[in-house]
Amino acid sequence: MSADDGDGAQGRLLDHLVELRSRLLRAVIGLLIAFVALLPFANRLYGWLAQPLLEKLPKGGQLIAIEVASPFFAPIKLAFFVALVAAMPWLLYQVWAFVAPGLYRREKKLALPLLASALLLFYVGCAFAFFIVLPSVFAFLAQVTPSGVAMMTDINAYLDFVLVIFLAFGASFELPVALVILVLLGWVTPAQLREWRGYAIVGIFVIAAIITPPDVVSQLLLAIPMMLLYEAGILAARMIAPREPADSVDADHG
């Protein structure tokens with residue numbers, strides 16, 4: 001390799017690093033703008049997040065702050081999480097703008113719908129967890145609370161619990177996108193996904209039992225959507241995957 005080639009490679013590498021720095025800076029600035037905009041509403045956001053629990057608590061139950069600084073830090077932590085979720089389209093756009101120039105046209109046509117679908121499914125998973133799962137979970141926990149025991153949850157513990165549920169359901173709803181990616185990479189085929197349906201159902205119920213509270217209702221509320229999403233992933237993979245049988249037939253005739 002000549003010196004000119006080496007200088008050209010170093011120049012391209014430097015250009016990529018500058019572009020990466022610019023995209024990271026824009027992503028951080030966008031996230032900070034969303035976070036600062038949400039800070040004045042941090043307490044209101046926490047009150048909204050606490051509604052699924054407060055509505056199910058028995059008489060006398062309430063949220064409490066065990067640590068001195070919890071009333072200050074818990075809402076700020078929630079505001080940052082909401083800002084991160086709200087700014088996710090902007091963050092993903094920065095990632096896309098950095099990697100897109102190096103992709104082929106077919107890769108771009110496939111990657112963009114996958115990114116959009118992944119983002120939408122994550123939002124749907126979080127909304128499903130908030131409006132459907134959390135009320136049923138807290139109703140169950142309120143019912144099993146022993147008599148004479150006042151159900152008073154620490155605001156930090158409650159926030160951590162809810163955020164874990166959000167992330168668990170948001171990630172679980174990415175199942176169709178994950179299946180499509182596996183098919184595109186050639187690691188599995190739609191036919192294999194159909195054959196493994198029974199094993200997938202068992203695995204889904206095991207995952208649901210691990211990441212949800214120990215009640216049948218919440219486990220079913222995660223397992224049933226995941227089974228439907230598994231079927232949706234198979235259908236999407238069939239539409240995108242190459243038609244191998246047709247190709248093989250054409251080859252035989254040729």
# chains A, B, ... in the order shown; residues from 1 in each chain; ligands from 1
call {"tool": "residues_around", "arguments": {"residues": "range 209-222 of chain A", "least_positions_apart": "2", "cutoff": "8 Å", "atoms": "only C-alpha atoms", "output": "PyMOL selection string"}}
result
chain A and resi 133+136-137+140+165+168-169+205-207+224-226
call {"tool": "residues_around", "arguments": {"residues": "Arg194 in chain A", "least_positions_apart": "6", "cutoff": "10 Å", "atoms": "only C-alpha atoms", "output": "CSV table (one decimal) with all heavy atoms, in the first residue's frame"}}
result
chain,number,residue,atom,x,y,z
A,200,ALA,N,-40.9,-22.4,21.5
A,200,ALA,CA,-41.0,-20.9,21.7
A,200,ALA,C,-42.1,-20.6,22.8
A,200,ALA,O,-41.9,-19.8,23.6
A,200,ALA,CB,-41.4,-20.2,20.4
A,230,TYR,N,-44.9,-13.5,18.3
A,230,TYR,CA,-44.1,-14.5,17.7
A,230,TYR,C,-44.7,-14.9,16.3
A,230,TYR,O,-44.0,-15.0,15.3
A,230,TYR,CB,-44.1,-15.8,18.6
A,230,TYR,CG,-43.1,-16.9,18.1
A,230,TYR,CD1,-41.8,-16.8,18.3
A,230,TYR,CD2,-43.7,-17.9,17.3
A,230,TYR,CE1,-40.9,-17.8,17.8
A,230,TYR,CE2,-42.8,-18.9,16.9
A,230,TYR,CZ,-41.5,-18.9,17.1
A,230,TYR,OH,-40.6,-19.9,16.6
A,231,GLU,N,-46.1,-15.1,16.3
A,231,GLU,CA,-46.7,-15.4,15.0
A,231,GLU,C,-46.6,-14.2,14.0
A,231,GLU,O,-46.4,-14.4,12.8
A,231,GLU,CB,-48.2,-15.7,15.3
A,231,GLU,CG,-48.5,-16.9,16.2
A,231,GLU,CD,-47.9,-18.2,15.6
A,231,GLU,OE1,-48.0,-18.3,14.3
A,231,GLU,OE2,-47.5,-19.0,16.3
A,234,ILE,N,-43.2,-14.4,12.4
A,234,ILE,CA,-43.2,-15.4,11.4
A,234,ILE,C,-43.8,-14.9,10.1
A,234,ILE,O,-43.2,-15.0,9.0
A,234,ILE,CB,-43.9,-16.7,11.8
A,234,ILE,CG1,-43.2,-17.3,13.0
A,234,ILE,CG2,-44.0,-17.7,10.7
A,234,ILE,CD1,-43.8,-18.6,13.6
A,235,LEU,N,-44.9,-14.2,10.2
A,235,LEU,CA,-45.5,-13.7,9.0
A,235,LEU,C,-44.7,-12.6,8.3
A,235,LEU,O,-44.5,-12.6,7.1
A,235,LEU,CB,-46.9,-13.1,9.4
A,235,LEU,CG,-48.0,-14.1,9.8
A,235,LEU,CD1,-49.2,-13.3,10.2
A,235,LEU,CD2,-48.3,-15.1,8.7
call {"tool": "closest_residue", "arguments": {"among": "A:Leu120, A:Leu193, A:Leu49, A:Val36", "to": "Leu134 in chain A", "atoms": "only C-alpha atoms"}}
result
A:Leu49
call {"tool": "residues_around", "arguments": {"residues": "Phe122 in chain A", "least_positions_apart": "2", "cutoff": "8 Å", "atoms": "only C-alpha atoms", "output": "PDB file with all heavy atoms, in the first residue's frame"}}
result
ATOM      1  N   ALA A 118     -39.272  -1.260  15.503  1.00  0.00           N
ATOM      2  CA  ALA A 118     -38.734  -1.503  16.837  1.00  0.00           C
ATOM      3  C   ALA A 118     -39.123  -0.388  17.807  1.00  0.00           C
ATOM      4  O   ALA A 118     -39.509  -0.640  18.951  1.00  0.00           O
ATOM      5  CB  ALA A 118     -37.216  -1.650  16.782  1.00  0.00           C
ATOM      6  N   LEU A 119     -39.036   0.849  17.330  1.00  0.00           N
ATOM      7  CA  LEU A 119     -39.399   1.985  18.183  1.00  0.00           C
ATOM      8  C   LEU A 119     -40.881   1.954  18.526  1.00  0.00           C
ATOM      9  O   LEU A 119     -41.274   2.132  19.695  1.00  0.00           O
ATOM     10  CB  LEU A 119     -39.042   3.287  17.471  1.00  0.00           C
ATOM     11  CG  LEU A 119     -39.290   4.582  18.241  1.00  0.00           C
ATOM     12  CD1 LEU A 119     -38.436   4.633  19.492  1.00  0.00           C
ATOM     13  CD2 LEU A 119     -39.007   5.791  17.352  1.00  0.00           C
ATOM     14  N   LEU A 120     -41.718   1.709  17.527  1.00  0.00           N
ATOM     15  CA  LEU A 120     -43.163   1.672  17.757  1.00  0.00           C
ATOM     16  C   LEU A 120     -43.536   0.538  18.703  1.00  0.00           C
ATOM     17  O   LEU A 120     -44.353   0.730  19.622  1.00  0.00           O
ATOM     18  CB  LEU A 120     -43.892   1.506  16.422  1.00  0.00           C
ATOM     19  CG  LEU A 120     -45.420   1.393  16.509  1.00  0.00           C
ATOM     20  CD1 LEU A 120     -46.017   2.652  17.115  1.00  0.00           C
ATOM     21  CD2 LEU A 120     -46.006   1.128  15.124  1.00  0.00           C
ATOM     22  N   VAL A 124     -45.437   0.679  22.316  1.00  0.00           N
ATOM     23  CA  VAL A 124     -46.655  -0.104  22.549  1.00  0.00           C
ATOM     24  C   VAL A 124     -46.480  -0.998  23.783  1.00  0.00           C
ATOM     25  O   VAL A 124     -47.398  -1.139  24.596  1.00  0.00           O
ATOM     26  CB  VAL A 124     -47.001  -0.946  21.310  1.00  0.00           C
ATOM     27  CG1 VAL A 124     -48.144  -1.917  21.611  1.00  0.00           C
ATOM     28  CG2 VAL A 124     -47.392  -0.042  20.152  1.00  0.00           C
ATOM     29  N   GLY A 125     -45.289  -1.583  23.928  1.00  0.00           N
ATOM     30  CA  GLY A 125     -45.032  -2.420  25.095  1.00  0.00           C
ATOM     31  C   GLY A 125     -45.096  -1.641  26.390  1.00  0.00           C
ATOM     32  O   GLY A 125     -45.671  -2.109  27.381  1.00  0.00           O
ATOM     33  N   CYS A 126     -44.529  -0.432  26.412  1.00  0.00           N
ATOM     34  CA  CYS A 126     -44.588   0.400  27.619  1.00  0.00           C
ATOM     35  C   CYS A 126     -46.023   0.821  27.928  1.00  0.00           C
ATOM     36  O   CYS A 126     -46.446   0.813  29.089  1.00  0.00           O
ATOM     37  CB  CYS A 126     -43.701   1.631  27.443  1.00  0.00           C
ATOM     38  SG  CYS A 126     -41.931   1.278  27.400  1.00  0.00           S
ATOM     39  N   PHE A 169     -41.380  -5.197  29.275  1.00  0.00           N
ATOM     40  CA  PHE A 169     -42.429  -5.303  28.272  1.00  0.00           C
ATOM     41  C   PHE A 169     -42.012  -4.622  26.966  1.00  0.00           C
ATOM     42  O   PHE A 169     -42.323  -5.120  25.878  1.00  0.00           O
ATOM     43  CB  PHE A 169     -43.737  -4.704  28.797  1.00  0.00           C
ATOM     44  CG  PHE A 169     -44.547  -5.675  29.601  1.00  0.00           C
ATOM     45  CD1 PHE A 169     -44.233  -5.939  30.918  1.00  0.00           C
ATOM     46  CD2 PHE A 169     -45.623  -6.345  29.043  1.00  0.00           C
ATOM     47  CE1 PHE A 169     -44.964  -6.843  31.666  1.00  0.00           C
ATOM     48  CE2 PHE A 169     -46.368  -7.247  29.769  1.00  0.00           C
ATOM     49  CZ  PHE A 169     -46.036  -7.506  31.093  1.00  0.00           C
ATOM     50  N   GLY A 170     -41.325  -3.495  27.065  1.00  0.00           N
ATOM     51  CA  GLY A 170     -40.849  -2.850  25.849  1.00  0.00           C
ATOM     52  C   GLY A 170     -39.900  -3.738  25.070  1.00  0.00           C
ATOM     53  O   GLY A 170     -40.004  -3.850  23.839  1.00  0.00           O
ATOM     54  N   ALA A 171     -38.986  -4.406  25.788  1.00  0.00           N
ATOM     55  CA  ALA A 171     -38.047  -5.310  25.114  1.00  0.00           C
ATOM     56  C   ALA A 171     -38.753  -6.555  24.592  1.00  0.00           C
ATOM     57  O   ALA A 171     -38.436  -7.042  23.495  1.00  0.00           O
ATOM     58  CB  ALA A 171     -36.933  -5.700  26.082  1.00  0.00           C
ATOM     59  N   PHE A 173     -41.746  -6.845  23.486  1.00  0.00           N
ATOM     60  CA  PHE A 173     -42.538  -6.539  22.301  1.00  0.00           C
ATOM     61  C   PHE A 173     -41.666  -6.371  21.054  1.00  0.00           C
ATOM     62  O   PHE A 173     -42.191  -6.186  19.955  1.00  0.00           O
ATOM     63  CB  PHE A 173     -43.364  -5.269  22.533  1.00  0.00           C
ATOM     64  CG  PHE A 173     -44.701  -5.537  23.174  1.00  0.00           C
ATOM     65  CD1 PHE A 173     -44.781  -6.226  24.371  1.00  0.00           C
ATOM     66  CD2 PHE A 173     -45.879  -5.105  22.602  1.00  0.00           C
ATOM     67  CE1 PHE A 173     -46.003  -6.486  24.976  1.00  0.00           C
ATOM     68  CE2 PHE A 173     -47.104  -5.352  23.181  1.00  0.00           C
ATOM     69  CZ  PHE A 173     -47.170  -6.053  24.377  1.00  0.00           C
ATOM     70  N   GLU A 174     -40.336  -6.434  21.212  1.00  0.00           N
ATOM     71  CA  GLU A 174     -39.440  -6.379  20.062  1.00  0.00           C
ATOM     72  C   GLU A 174     -39.276  -7.743  19.395  1.00  0.00           C
ATOM     73  O   GLU A 174     -38.509  -7.874  18.430  1.00  0.00           O
ATOM     74  CB  GLU A 174     -38.049  -5.890  20.503  1.00  0.00           C
ATOM     75  CG  GLU A 174     -38.018  -4.546  21.173  1.00  0.00           C
ATOM     76  CD  GLU A 174     -38.345  -3.418  20.222  1.00  0.00           C
ATOM     77  OE1 GLU A 174     -38.115  -3.576  19.010  1.00  0.00           O
ATOM     78  OE2 GLU A 174     -38.862  -2.386  20.679  1.00  0.00           O
TER      79      GLU A 174
END
call {"tool": "closest_residue", "arguments": {"among": "A:Trp96, A:Phe161, A:Phe138, A:Trp196", "to": "Leu78 in chain A", "atoms": "only C-alpha atoms"}}
result
A:Phe161
call {"tool": "atom_distance", "arguments": {"atom1": "CA of Ala139 in chain A", "atom2": "CA of Ala157 in chain A"}}
result
17.6 Å
call {"tool": "select_by_dssp", "arguments": {"residues": "range 7-223 of chain A", "states": "strand (DSSP E)", "output": "ChimeraX atom specification"}}
result
/A:62-64,152-154
call {"tool": "residues_around", "arguments": {"residues": "Phe72 in chain A", "least_positions_apart": "2", "cutoff": "12 Å", "atoms": "only C-alpha atoms", "output": "list in words"}}
result
Leu39, Ala42, Asn43, Tyr46, Ala65, Glu67, Val68, Ala69, Ser70, Ala74, Pro75, Ile76, Lys77, Leu78, Ala79, Ile155 and Asn156 of chain A
call {"tool": "closest_residue", "arguments": {"among": "A:Leu32, A:Val202, A:Ala178, A:Leu24", "to": "Ser117 in chain A", "atoms": "only C-alpha atoms"}}
result
A:Ala178
call {"tool": "closest_residue", "arguments": {"among": "A:Val85, A:His16, A:Pro52, A:Met227", "to": "Ile132 in chain A", "atoms": "only C-alpha atoms"}}
result
A:Pro52
call {"tool": "closest_residue", "arguments": {"among": "A:Val149, A:Leu159, A:Ala237, A:Ile204", "to": "Pro190 in chain A", "atoms": "only C-alpha atoms"}}
result
A:Ala237
call {"tool": "select_by_dssp", "arguments": {"residues": "range 30-203 of chain A", "states": "alpha helix (DSSP H)", "output": "number ranges by chain"}}
result
A: 30-38, 42-54, 70-86, 88-99, 105-128, 134-144, 155-172, 175-184, 190-195, 197-203
call {"tool": "atom_distance", "arguments": {"atom1": "CA of Ala232 in chain A", "atom2": "CA of Ile181 in chain A"}}
result
13.4 Å
